[in-house]
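Listing of protein29.cif, mmCIF, C-alpha atoms
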data_structure
#
loop_
_atom_site.label_atom_id
_atom_site.label_comp_id
_atom_site.auth_asym_id
_atom_site.auth_seq_id
_atom_site.Cartn_x
_atom_site.Cartn_y
_atom_site.Cartn_z
CA MET A 3 102.89 124.76 83.31
CA LEU A 4 101.10 125.22 86.62
CA PRO A 5 97.48 126.25 86.34
CA LYS A 6 96.87 129.91 87.09
CA LYS A 7 93.66 129.37 89.04
CA LYS A 8 92.13 126.43 90.85
CA VAL A 9 91.03 123.89 88.28
CA SER A 10 87.57 122.37 88.82
CA THR A 11 87.24 118.80 90.07
CA ALA A 12 85.39 117.82 86.89
CA VAL A 13 88.38 118.87 84.75
CA ILE A 14 90.83 117.04 87.04
CA ARG A 15 88.72 113.86 86.85
CA ARG A 16 88.91 113.96 83.04
CA LEU A 17 92.73 114.21 82.94
CA PRO A 18 93.33 110.49 83.68
CA LYS A 19 90.96 109.64 80.82
CA TYR A 20 92.92 111.85 78.41
CA TYR A 21 96.09 110.23 79.70
CA ARG A 22 94.75 106.71 79.11
CA HIS A 23 93.51 107.49 75.61
CA LEU A 24 96.75 109.25 74.63
CA GLN A 25 98.69 106.21 75.85
CA SER A 26 96.56 103.98 73.58
CA LEU A 27 97.20 106.32 70.63
CA LEU A 28 100.96 106.19 71.28
CA ILE A 29 100.86 102.39 71.31
CA LYS A 30 99.12 102.57 67.92
CA ASP A 31 101.89 104.91 66.66
CA ILE A 32 99.52 107.82 66.16
CA ASN A 33 101.56 111.01 66.58
CA LYS A 34 99.14 113.78 65.75
CA ILE A 35 95.51 114.28 66.72
CA SER A 36 92.93 117.04 66.44
CA SER A 37 90.54 117.86 69.27
CA GLU A 38 87.75 116.55 66.98
CA GLN A 39 89.49 113.19 66.63
CA LEU A 40 90.27 113.16 70.35
CA SER A 41 86.56 113.81 70.88
CA LYS A 42 85.63 110.65 68.97
CA VAL A 43 88.08 108.57 71.01
CA THR A 44 87.25 109.96 74.45
CA GLY A 45 83.55 110.72 74.10
CA PHE A 46 84.01 114.31 75.33
CA THR A 47 83.19 117.18 72.95
CA ALA A 48 86.08 118.86 71.09
CA SER A 49 85.28 122.17 72.74
CA GLN A 50 85.31 120.52 76.18
CA ILE A 51 88.72 119.03 75.46
CA ARG A 52 90.15 122.36 74.27
CA GLN A 53 88.72 124.12 77.32
CA ASP A 54 90.11 121.49 79.69
CA LEU A 55 93.59 121.59 78.20
CA ASN A 56 93.54 125.39 78.13
CA CYS A 57 93.43 125.30 81.94
CA PHE A 58 97.02 124.10 81.77
CA GLY A 59 98.34 126.12 78.86
CA GLY A 60 96.70 124.65 75.77
CA PHE A 61 99.37 122.44 74.09
CA GLY A 62 97.57 122.50 70.73
CA GLN A 63 98.54 124.30 67.54
CA GLN A 64 95.98 125.98 65.31
CA GLY A 65 95.59 123.94 62.10
CA TYR A 66 97.79 121.11 63.40
CA GLY A 67 96.10 119.79 66.50
CA TYR A 68 98.01 118.08 69.27
CA ASN A 69 101.30 116.24 69.19
CA VAL A 70 100.28 113.04 70.98
CA GLU A 71 103.61 112.31 72.68
CA HIS A 72 104.05 115.90 73.86
CA LEU A 73 100.50 116.08 75.21
CA TYR A 74 100.90 112.68 76.89
CA LYS A 75 104.09 113.80 78.62
CA GLU A 76 102.59 117.13 79.68
CA ILE A 77 99.54 115.40 81.16
CA SER A 78 101.84 112.95 82.96
CA LYS A 79 103.60 115.96 84.49
CA ILE A 80 100.33 117.67 85.41
CA LEU A 81 99.14 114.47 87.09
CA GLY A 82 102.49 114.17 88.83
CA ILE A 83 103.02 110.66 87.49
CA ASP A 84 106.17 111.48 85.49
CA LYS A 85 107.95 110.62 88.76
CA LYS A 86 107.39 107.29 90.51
CA LYS A 87 104.95 107.43 93.41
CA TYR A 88 105.46 105.17 96.42
CA MET A 89 102.43 103.84 98.19
CA ILE A 90 101.33 101.58 101.00
CA ILE A 91 98.13 99.64 101.61
CA VAL A 92 96.66 99.73 105.10
CA GLY A 93 94.23 96.91 105.67
CA ALA A 94 95.11 93.56 104.13
CA GLY A 95 91.65 92.00 104.05
CA ASN A 96 90.17 90.61 100.83
CA LEU A 97 90.01 93.97 99.12
CA GLY A 98 93.43 95.14 100.35
CA GLN A 99 95.05 91.93 99.14
CA ALA A 100 93.29 92.15 95.76
CA LEU A 101 94.51 95.74 95.37
CA ALA A 102 98.05 94.62 96.26
CA LYS A 103 97.90 92.16 93.38
CA TYR A 104 96.45 94.73 90.95
CA SER A 105 99.14 95.14 88.31
CA ASN A 106 97.63 98.22 86.63
CA PHE A 107 98.89 100.45 89.45
CA GLU A 108 102.51 99.48 88.86
CA ASN A 109 102.14 100.05 85.08
CA LYS A 110 101.15 103.66 85.70
CA GLY A 111 104.10 104.43 88.00
CA PHE A 112 102.49 103.69 91.34
CA ARG A 113 104.86 101.44 93.28
CA LEU A 114 103.48 99.48 96.23
CA VAL A 115 106.18 99.17 98.90
CA GLY A 116 104.32 98.13 102.02
CA ILE A 117 101.15 96.47 103.21
CA PHE A 118 99.95 96.57 106.81
CA ASP A 119 97.34 94.94 108.97
CA LYS A 120 96.53 94.54 112.66
CA ASP A 121 95.30 90.96 112.36
CA LYS A 122 97.91 88.47 113.66
CA ASP A 123 96.60 85.84 111.23
CA VAL A 124 97.33 88.05 108.24
CA ILE A 125 100.64 89.60 109.39
CA GLY A 126 103.56 87.75 107.85
CA ARG A 127 101.52 86.43 104.92
CA LYS A 128 103.05 87.05 101.48
CA VAL A 129 100.96 89.08 99.07
CA ASN A 130 102.52 89.67 95.68
CA ASP A 131 106.08 89.36 97.05
CA LEU A 132 105.38 91.71 99.93
CA GLU A 133 105.07 90.44 103.47
CA VAL A 134 102.10 91.90 105.35
CA LEU A 135 103.58 93.94 108.20
CA ASP A 136 102.24 94.70 111.66
CA ILE A 137 100.38 98.01 111.77
CA ASN A 138 102.30 98.74 114.98
CA ASP A 139 105.43 99.06 112.83
CA LEU A 140 103.79 101.52 110.43
CA SER A 141 105.00 104.64 112.24
CA LYS A 142 108.64 103.52 112.05
CA PHE A 143 108.19 102.45 108.42
CA LEU A 144 106.89 105.91 107.48
CA LYS A 145 109.85 107.55 109.23
CA ASN A 146 112.34 105.44 107.27
CA ASN A 147 110.65 105.53 103.84
CA GLU A 148 109.33 108.33 101.73
CA ILE A 149 105.75 107.35 101.02
CA ASN A 150 103.51 109.49 98.82
CA LEU A 151 100.16 107.77 99.03
CA ALA A 152 98.25 105.39 101.24
CA ILE A 153 95.40 103.12 100.19
CA LEU A 154 93.01 102.70 103.10
CA SER A 155 91.10 99.41 103.06
CA VAL A 156 90.46 98.74 106.73
CA SER A 157 86.99 98.10 108.19
CA SER A 158 84.68 101.13 108.27
CA ASN A 159 84.70 101.41 112.04
CA SER A 160 88.48 101.82 112.25
CA ALA A 161 88.75 104.00 109.12
CA VAL A 162 88.69 107.41 110.80
CA ASP A 163 91.25 106.52 113.49
CA THR A 164 93.57 104.84 110.99
CA ALA A 165 93.36 107.82 108.62
CA LYS A 166 94.20 110.23 111.47
CA PHE A 167 97.14 108.04 112.43
CA LEU A 168 98.40 108.06 108.82
CA VAL A 169 98.20 111.85 108.66
CA GLN A 170 99.96 112.24 112.00
CA ASN A 171 102.75 110.15 110.53
CA GLY A 172 103.19 112.32 107.47
CA ILE A 173 100.81 110.87 104.88
CA LYS A 174 99.27 113.61 102.72
CA ALA A 175 97.18 111.60 100.26
CA ILE A 176 94.70 108.79 100.91
CA LEU A 177 92.76 106.62 98.49
CA ASN A 178 89.84 105.66 100.68
CA PHE A 179 88.03 102.36 100.05
CA CYS A 180 86.15 102.41 103.36
CA ALA A 181 82.40 102.96 103.17
CA ILE A 182 82.66 106.13 105.22
CA ASP A 183 83.54 109.76 104.47
CA LEU A 184 86.81 110.85 106.07
CA ASP A 185 86.72 114.34 107.48
CA MET A 186 90.39 115.31 107.20
CA GLU A 187 92.38 118.50 107.67
CA GLU A 188 92.70 120.73 104.62
CA ASP A 189 96.27 119.79 103.72
CA THR A 190 95.37 116.10 103.35
CA VAL A 191 93.87 115.01 100.04
CA VAL A 192 91.41 112.14 99.97
CA GLU A 193 89.89 110.37 96.97
CA ASP A 194 87.00 108.10 97.81
CA VAL A 195 86.25 104.86 96.03
CA HIS A 196 82.86 104.11 97.53
CA LEU A 197 81.91 100.82 95.93
CA VAL A 198 78.41 100.72 97.37
CA ASP A 199 77.74 104.34 96.33
CA SER A 200 78.64 103.37 92.77
CA LEU A 201 76.24 100.44 92.90
CA MET A 202 73.49 102.70 94.26
CA THR A 203 74.10 105.25 91.50
CA LEU A 204 73.93 102.43 88.98
CA SER A 205 70.69 101.24 90.55
CA TYR A 206 69.20 104.75 90.26
CA ARG A 207 70.23 105.07 86.63
CA LEU A 208 68.90 101.60 85.85
CA GLU A 209 65.46 102.57 87.24
CA LYS A 210 65.37 105.91 85.44
CA GLU A 211 67.34 105.39 82.22
CA GLY A 212 67.51 101.64 81.58
CA LYS A 213 64.69 100.30 79.45
CA MET B 7 57.95 110.82 93.35
CA LEU B 8 59.60 110.62 89.95
CA PRO B 9 61.70 113.62 88.98
CA LYS B 10 60.05 115.89 86.43
CA LYS B 11 63.20 116.61 84.46
CA LYS B 12 66.52 114.83 84.05
CA VAL B 13 68.49 115.16 87.27
CA SER B 14 72.17 116.03 86.91
CA THR B 15 74.83 113.40 87.51
CA ALA B 16 76.28 115.45 90.38
CA VAL B 17 72.97 115.32 92.25
CA ILE B 18 72.59 111.58 91.61
CA ARG B 19 76.11 110.94 92.93
CA ARG B 20 75.25 112.73 96.17
CA LEU B 21 72.13 110.63 96.83
CA PRO B 22 74.06 107.56 98.11
CA LYS B 23 75.90 109.85 100.54
CA TYR B 24 72.62 111.23 101.90
CA TYR B 25 71.38 107.67 102.17
CA ARG B 26 74.46 106.56 104.14
CA HIS B 27 74.32 109.50 106.52
CA LEU B 28 70.58 109.11 107.09
CA GLN B 29 71.15 105.43 107.88
CA SER B 30 73.75 106.42 110.51
CA LEU B 31 71.31 108.93 112.01
CA LEU B 32 68.60 106.26 112.22
CA ILE B 33 71.00 103.92 114.02
CA LYS B 34 71.63 106.73 116.51
CA ASP B 35 67.84 107.12 116.96
CA ILE B 36 67.82 110.64 115.54
CA ASN B 37 64.36 111.20 114.02
CA LYS B 38 64.39 114.81 112.95
CA ILE B 39 67.05 116.86 111.21
CA SER B 40 67.30 120.32 109.63
CA SER B 41 69.15 120.90 106.38
CA GLU B 42 71.70 122.89 108.45
CA GLN B 43 72.35 119.89 110.70
CA LEU B 44 72.44 117.59 107.67
CA SER B 45 74.99 119.98 106.21
CA LYS B 46 77.31 119.50 109.20
CA VAL B 47 77.04 115.73 108.92
CA THR B 48 77.45 115.42 105.15
CA GLY B 49 79.78 118.32 104.40
CA PHE B 50 77.44 119.71 101.71
CA THR B 51 75.88 123.15 102.20
CA ALA B 52 72.33 123.35 103.51
CA SER B 53 71.21 125.12 100.34
CA GLN B 54 72.81 122.39 98.20
CA ILE B 55 70.96 119.73 100.18
CA ARG B 56 67.61 121.53 99.85
CA GLN B 57 68.18 122.02 96.12
CA ASP B 58 69.13 118.36 95.62
CA LEU B 59 66.12 117.04 97.50
CA ASN B 60 63.81 119.50 95.72
CA CYS B 61 64.63 117.66 92.48
CA PHE B 62 62.59 114.79 93.88
CA GLY B 63 59.83 116.67 95.61
CA GLY B 64 61.42 118.23 98.69
CA PHE B 65 60.43 116.06 101.68
CA GLY B 66 61.18 118.83 104.20
CA GLN B 67 58.75 120.92 106.23
CA GLN B 68 59.29 124.62 106.86
CA GLY B 69 60.26 125.11 110.51
CA TYR B 70 60.53 121.37 111.17
CA GLY B 71 63.21 120.06 108.84
CA TYR B 72 63.26 116.47 107.65
CA ASN B 73 61.83 113.36 109.22
CA VAL B 74 64.89 111.11 109.05
CA GLU B 75 63.09 107.80 108.55
CA HIS B 76 60.76 109.22 105.90
CA LEU B 77 63.63 110.82 103.99
CA TYR B 78 65.70 107.63 104.27
CA LYS B 79 62.85 105.56 102.84
CA GLU B 80 62.17 108.06 100.05
CA ILE B 81 65.85 108.10 99.04
CA SER B 82 65.87 104.28 99.11
CA LYS B 83 62.95 104.36 96.69
CA ILE B 84 64.58 106.98 94.46
CA LEU B 85 67.76 104.87 94.35
CA GLY B 86 65.67 101.79 93.62
CA ILE B 87 67.17 99.93 96.57
CA ASP B 88 63.89 99.50 98.45
CA LYS B 89 63.62 96.29 96.40
CA LYS B 90 66.39 93.69 96.41
CA LYS B 91 68.70 93.84 93.40
CA TYR B 92 70.22 90.66 92.01
CA MET B 93 73.70 90.81 90.58
CA ILE B 94 76.45 88.69 89.08
CA ILE B 95 80.21 89.13 88.92
CA VAL B 96 81.91 88.37 85.61
CA GLY B 97 85.63 87.83 86.04
CA ALA B 98 86.72 85.93 89.16
CA GLY B 99 90.31 87.12 89.37
CA ASN B 100 91.73 88.71 92.53
CA LEU B 101 89.47 91.74 92.31
CA GLY B 102 86.36 89.77 91.31
CA GLN B 103 86.85 87.37 94.20
CA ALA B 104 87.46 90.23 96.65
CA LEU B 105 84.26 91.92 95.47
CA ALA B 106 82.37 88.65 95.90
CA LYS B 107 83.47 88.58 99.54
CA TYR B 108 82.57 92.24 100.11
CA SER B 109 79.77 92.15 102.67
CA ASN B 110 78.77 95.83 102.32
CA PHE B 111 76.95 95.09 99.06
CA GLU B 112 74.64 92.57 100.70
CA ASN B 113 73.91 94.96 103.59
CA LYS B 114 72.55 97.52 101.15
CA GLY B 115 70.24 95.11 99.36
CA PHE B 116 72.51 93.99 96.52
CA ARG B 117 72.41 90.20 96.40
CA LEU B 118 75.20 88.39 94.57
CA VAL B 119 73.79 85.26 92.93
CA GLY B 120 76.44 84.21 90.42
CA ILE B 121 80.12 84.53 89.64
CA PHE B 122 81.61 83.59 86.30
CA ASP B 123 85.03 83.10 84.75
CA LYS B 124 86.55 81.52 81.65
CA ASP B 125 89.64 80.17 83.43
CA LYS B 126 89.37 76.40 84.00
CA ASP B 127 91.57 76.74 87.12
CA VAL B 128 89.11 79.11 88.73
CA ILE B 129 85.82 77.52 87.60
CA GLY B 130 84.40 75.32 90.35
CA ARG B 131 86.25 77.17 93.13
CA LYS B 132 84.06 78.29 96.04
CA VAL B 133 84.01 82.03 96.73
CA ASN B 134 81.83 83.11 99.63
CA ASP B 135 79.53 80.07 99.26
CA LEU B 136 79.15 80.57 95.50
CA GLU B 137 80.79 78.25 93.05
CA VAL B 138 82.56 80.05 90.20
CA LEU B 139 80.67 79.05 87.04
CA ASP B 140 81.88 78.65 83.48
CA ILE B 141 81.29 81.81 81.45
CA ASN B 142 79.96 79.53 78.69
CA ASP B 143 76.97 78.86 80.94
CA LEU B 144 76.28 82.58 81.50
CA SER B 145 73.79 82.92 78.65
CA LYS B 146 71.66 80.08 80.03
CA PHE B 147 71.98 81.46 83.56
CA LEU B 148 70.70 84.87 82.46
CA LYS B 149 67.72 83.26 80.69
CA ASN B 150 66.74 81.36 83.85
CA ASN B 151 67.35 84.08 86.44
CA GLU B 152 66.28 87.69 86.65
CA ILE B 153 69.51 89.60 87.09
CA ASN B 154 69.52 93.39 87.51
CA LEU B 155 73.21 94.26 87.54
CA ALA B 156 76.54 92.84 86.45
CA ILE B 157 79.93 93.67 87.94
CA LEU B 158 82.57 93.46 85.22
CA SER B 159 86.04 92.56 86.50
CA VAL B 160 87.60 90.75 83.55
CA SER B 161 90.92 91.75 81.99
CA SER B 162 90.87 95.02 80.04
CA ASN B 163 91.36 93.35 76.67
CA SER B 164 88.24 91.20 76.99
CA ALA B 165 86.14 93.93 78.66
CA VAL B 166 84.40 95.28 75.55
CA ASP B 167 83.45 91.86 74.16
CA THR B 168 82.25 90.62 77.54
CA ALA B 169 80.18 93.77 78.08
CA LYS B 170 78.56 93.37 74.63
CA PHE B 171 77.81 89.74 75.41
CA LEU B 172 76.16 90.74 78.71
CA VAL B 173 73.99 93.31 76.99
CA GLN B 174 73.00 90.85 74.25
CA ASN B 175 71.85 88.56 77.04
CA GLY B 176 69.62 91.15 78.68
CA ILE B 177 71.88 92.95 81.18
CA LYS B 178 71.00 96.66 81.39
CA ALA B 179 73.39 97.87 84.09
CA ILE B 180 77.14 97.30 84.44
CA LEU B 181 79.53 98.30 87.22
CA ASN B 182 82.76 98.40 85.26
CA PHE B 183 86.05 97.75 87.08
CA CYS B 184 88.08 97.32 83.88
CA ALA B 185 90.61 100.06 83.08
CA ILE B 186 88.84 100.88 79.84
CA ASP B 187 85.82 102.98 78.88
CA LEU B 188 82.92 100.91 77.60
CA ASP B 189 81.11 102.47 74.69
CA MET B 190 77.65 100.96 75.10
CA GLU B 191 74.24 101.51 73.52
CA GLU B 192 72.10 104.21 75.11
CA ASP B 193 69.75 101.88 76.97
CA THR B 194 72.61 100.30 78.93
CA VAL B 195 73.83 102.14 82.02
CA VAL B 196 77.47 101.85 83.03
CA GLU B 197 79.17 103.13 86.17
CA ASP B 198 82.95 103.06 86.01
CA VAL B 199 85.18 102.35 88.97
CA HIS B 200 88.53 103.24 87.44
CA LEU B 201 90.98 102.52 90.25
CA VAL B 202 94.01 103.90 88.42
CA ASP B 203 92.13 107.06 87.43
CA SER B 204 91.36 107.64 91.11
CA LEU B 205 95.02 107.21 91.99
CA MET B 206 96.02 109.65 89.24
CA THR B 207 93.49 112.22 90.46
CA LEU B 208 94.87 111.77 93.96
CA SER B 209 98.39 112.24 92.62
CA TYR B 210 97.36 115.49 90.89
CA ARG B 211 95.71 116.82 94.02
CA LEU B 212 98.70 115.83 96.15
CA GLU B 213 101.00 117.86 93.87
CA LYS B 214 98.72 120.88 93.77
CA GLU B 215 96.91 120.92 97.10
CA GLY B 216 98.95 118.75 99.50
CA LYS B 217 101.54 120.66 101.48
#
Taking this structure as input, can you express it in the form of structure tokens?
Amino acid sequence: MLPKKKVSTAVIRRLPKYYRHLQSLLIKDINKISSEQLSKVTGFTASQIRQDLNCFGGFGQQGYGYNVEHLYKEISKILGIDKKKYMIIVGAGNLGQALAKYSNFENKGFRLVGIFDKDKDVIGRKVNDLEVLDINDLSKFLKNNEINLAILSVSSNSAVDTAKFLVQNGIKAILNFCAIDLDMEEDTVVEDVHLVDSLMTLSYRLEKEGK
Amino acid sequence: MLPKKKVSTAVIRRLPKYYRHLQSLLIKDINKISSEQLSKVTGFTASQIRQDLNCFGGFGQQGYGYNVEHLYKEISKILGIDKKKYMIIVGAGNLGQALAKYSNFENKGFRLVGIFDKDKDVIGRKVNDLEVLDINDLSKFLKNNEINLAILSVSSNSAVDTAKFLVQNGIKAILNFCAIDLDMEEDTVVEDVHLVDSLMTLSYRLEKEGK
């Protein structure tokens, strides 16, 4: 069921966690779970969980709880990962190549189908069975293939231009690993993975909370 | 100045962004900025920025705005990155090795001083001038060196045990790249970088917001 109103970012960010925990429960052959039990597993409060899931129609039954497989499938649909997603990596430096070899993406239905770079020394190299292609061929590639997502792992100073180029060529969703905030048009969605920001946040919390 | 009450996670997560933007302003020789101008640069509202900075004592002057260098230095102090932080990487697979080569950490005062793995084929390999060490020597290493942070990039199924081992050996802060939530004691701080969660969030937003 589509949400009736815009769901808050905090709720959306918790959905993948529910998905992961439900997947673990399924593997353990657990078919039924209450929000209280789900609370113990996920670390969120039972009331938080009920509230979150109510944004999408509830899925629970009073006195029964949740059917794990049903909830898992519904969350897959909500996340849009019930259908395979095709993605490319732009920027085949150390990080880009490591991400290309990261098998957890594939397990969750994200299929890497292309990897691009501008560096002549990298183009043609095989990374996880994919040959690194010339970024000059990216436009043609995007015309001939339906690509849902792009992972951006170029250097910070070419991030903005490369992102604009991707959007001009039909990309609507970018996972941004560059240490810069992309200021994109409204119909492009960007998720940032700012590694240094995470380290700085950790540093703050270590100073204030770590004993 | 230390915050009087616990600052919300959302505020803390914005601090690295302020820090990054202030650094860019300094490079451009901009010495003075109003919260309205800072709003244009960062994408947060001026009132949000004032509220966030007020958690730590304000730093602005009515009718003048903020002194960029002063604010930059104060945020460095708040984030605890005015002093060098020493870190290790545990797990020298593709991702661990890519992170070891990631120069942006060093630029922000995070100094990588050790990288560890249990795989005999990887131990002894040179990654960015550091030799990958045997994880069996980690305990001794942590006794002899003051380490502030550990990056955890082992396989998911050994993540929990490795994290416990780190904490037993004095580590108080973990940047967790494993696709699993670590359930640690209260005096250990953990920041998760869940790459697949980010992709799933992106997938959700693409379905709902992307046109």
List the neighbours of A:Ile83 out to 12 Å using only C-alpha atoms; skip same-chain residues closer than 6 positions along the sequence, and give me the result as a list in words. Leu17, Pro18, Tyr21, Tyr74, Lys75, Glu76, Ile77, Phe107, Glu108, Asn109, Lys110, Gly111, Phe112, Arg113 and Asn150 of chain A; Val202, Asp203, Leu205, Met206, Thr207, Leu208, Ser209, Tyr210, Arg211, Leu212 and Glu213 of chain B
Long-range neighbours of B:Met93 as JSON, numbers by chain, 8 Å cut-off, only C-alpha atoms, 6 positions minimum in chain: {"B": [116, 117, 118, 119, 120, 153, 154, 155, 156, 157]}
Using the chain letters and residue numbers of this document, give as a VMD selection string the residues selected by the PyMOL selection byres ((chain A and resi 16) around 12). (chain A and resid 9 to 15 17 to 23 44 to 46 50 to 51 53 to 55 77 81) or (chain B and resid 200 203 to 204 206 to 207 210)
Hey, what comes out of the PyMOL selection byres ((chain B and resi 41) around 10) on this file? Could you write it as a PDB file with C-alpha atoms, in the frame of the given file?
ATOM      1  CA  ILE B  39      67.050 116.860 111.210  1.00  0.00           C
ATOM      2  CA  SER B  40      67.300 120.320 109.630  1.00  0.00           C
ATOM      3  CA  GLU B  42      71.700 122.890 108.450  1.00  0.00           C
ATOM      4  CA  GLN B  43      72.350 119.890 110.700  1.00  0.00           C
ATOM      5  CA  LEU B  44      72.440 117.590 107.670  1.00  0.00           C
ATOM      6  CA  SER B  45      74.990 119.980 106.210  1.00  0.00           C
ATOM      7  CA  LYS B  46      77.310 119.500 109.200  1.00  0.00           C
ATOM      8  CA  VAL B  47      77.040 115.730 108.920  1.00  0.00           C
ATOM      9  CA  PHE B  50      77.440 119.710 101.710  1.00  0.00           C
ATOM     10  CA  THR B  51      75.880 123.150 102.200  1.00  0.00           C
ATOM     11  CA  ALA B  52      72.330 123.350 103.510  1.00  0.00           C
ATOM     12  CA  SER B  53      71.210 125.120 100.340  1.00  0.00           C
ATOM     13  CA  GLN B  54      72.810 122.390  98.200  1.00  0.00           C
ATOM     14  CA  ILE B  55      70.960 119.730 100.180  1.00  0.00           C
ATOM     15  CA  ARG B  56      67.610 121.530  99.850  1.00  0.00           C
ATOM     16  CA  GLY B  66      61.180 118.830 104.200  1.00  0.00           C
ATOM     17  CA  TYR B  70      60.530 121.370 111.170  1.00  0.00           C
ATOM     18  CA  GLY B  71      63.210 120.060 108.840  1.00  0.00           C
ATOM     19  CA  TYR B  72      63.260 116.470 107.650  1.00  0.00           C
TER      20      TYR B  72
END
Matched chain/residue IDs from the PyMOL selection byres ((chain A and resi 159-164) around 9), as a list of chain:residue names: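 After applying the PyMOL selection byres ((chain A and resi 159-164) around 9), what remains is A:Val92, A:Leu154, A:Ser155, A:Val156, A:Ser157, A:Ser158, A:Ala165, A:Lys166, A:Phe167, A:Leu168, A:Val169, A:Asn178, A:Cys180, A:Ala181, A:Ile182, A:Asp183, A:Leu184, A:Asp185, A:Met186.
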From the list B:Val74, B:Ile180, B:Ile94, B:Leu136, the nearest residue to chain A using all atoms listed in the file is B:Ile180
Find the residue from A:Leu144, A:Ile32, A:Ala102, A:Ala175 that sits nearest to chain B; use all atoms listed in the file when measuring. A:Ala175
Non-local contacts of stretch 124-130 of chain B (10 Å; only C-alpha atoms; under 6 positions in same chain excluded) as a count of residues only: 13
Completed stretch 163-174 of chain B (N, CA, C and O atoms) as an mmCIF file, keeping the file's coordinate frame:
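Done, and the output landed in part-v8.cif:
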data_model
loop_
_atom_site.group_PDB
_atom_site.id
_atom_site.type_symbol
_atom_site.label_atom_id
_atom_site.label_comp_id
_atom_site.auth_asym_id
_atom_site.auth_seq_id
_atom_site.Cartn_x
_atom_site.Cartn_y
_atom_site.Cartn_z
ATOM 1 N N ASN B 163 91.484 93.677 78.099
ATOM 2 C CA ASN B 163 91.360 93.350 76.670
ATOM 3 C C ASN B 163 90.137 92.498 76.333
ATOM 4 O O ASN B 163 89.771 92.405 75.168
ATOM 5 N N SER B 164 89.491 91.897 77.325
ATOM 6 C CA SER B 164 88.240 91.200 76.990
ATOM 7 C C SER B 164 87.018 91.954 77.513
ATOM 8 O O SER B 164 85.886 91.457 77.408
ATOM 9 N N ALA B 165 87.240 93.172 78.040
ATOM 10 C CA ALA B 165 86.140 93.930 78.660
ATOM 11 C C ALA B 165 85.037 94.271 77.666
ATOM 12 O O ALA B 165 83.849 94.035 77.946
ATOM 13 N N VAL B 166 85.406 94.812 76.514
ATOM 14 C CA VAL B 166 84.400 95.280 75.550
ATOM 15 C C VAL B 166 83.546 94.112 75.059
ATOM 16 O O VAL B 166 82.309 94.190 75.065
ATOM 17 N N ASP B 167 84.198 93.020 74.663
ATOM 18 C CA ASP B 167 83.450 91.860 74.160
ATOM 19 C C ASP B 167 82.541 91.275 75.239
ATOM 20 O O ASP B 167 81.395 90.907 74.965
ATOM 21 N N THR B 168 83.061 91.190 76.461
ATOM 22 C CA THR B 168 82.250 90.620 77.540
ATOM 23 C C THR B 168 81.051 91.512 77.834
ATOM 24 O O THR B 168 79.938 91.017 78.048
ATOM 25 N N ALA B 169 81.279 92.831 77.833
ATOM 26 C CA ALA B 169 80.180 93.770 78.080
ATOM 27 C C ALA B 169 79.107 93.619 77.001
ATOM 28 O O ALA B 169 77.903 93.580 77.304
ATOM 29 N N LYS B 170 79.523 93.534 75.741
ATOM 30 C CA LYS B 170 78.560 93.370 74.630
ATOM 31 C C LYS B 170 77.747 92.092 74.818
ATOM 32 O O LYS B 170 76.537 92.068 74.624
ATOM 33 N N PHE B 171 78.452 91.032 75.191
ATOM 34 C CA PHE B 171 77.810 89.740 75.410
ATOM 35 C C PHE B 171 76.757 89.847 76.523
ATOM 36 O O PHE B 171 75.645 89.318 76.403
ATOM 37 N N LEU B 172 77.103 90.551 77.601
ATOM 38 C CA LEU B 172 76.160 90.740 78.710
ATOM 39 C C LEU B 172 74.908 91.452 78.237
ATOM 40 O O LEU B 172 73.782 91.060 78.568
ATOM 41 N N VAL B 173 75.118 92.516 77.463
ATOM 42 C CA VAL B 173 73.990 93.310 76.990
ATOM 43 C C VAL B 173 73.114 92.495 76.033
ATOM 44 O O VAL B 173 71.882 92.528 76.125
ATOM 45 N N GLN B 174 73.751 91.723 75.156
ATOM 46 C CA GLN B 174 73.000 90.850 74.250
ATOM 47 C C GLN B 174 72.137 89.860 75.024
ATOM 48 O O GLN B 174 71.099 89.405 74.551
#
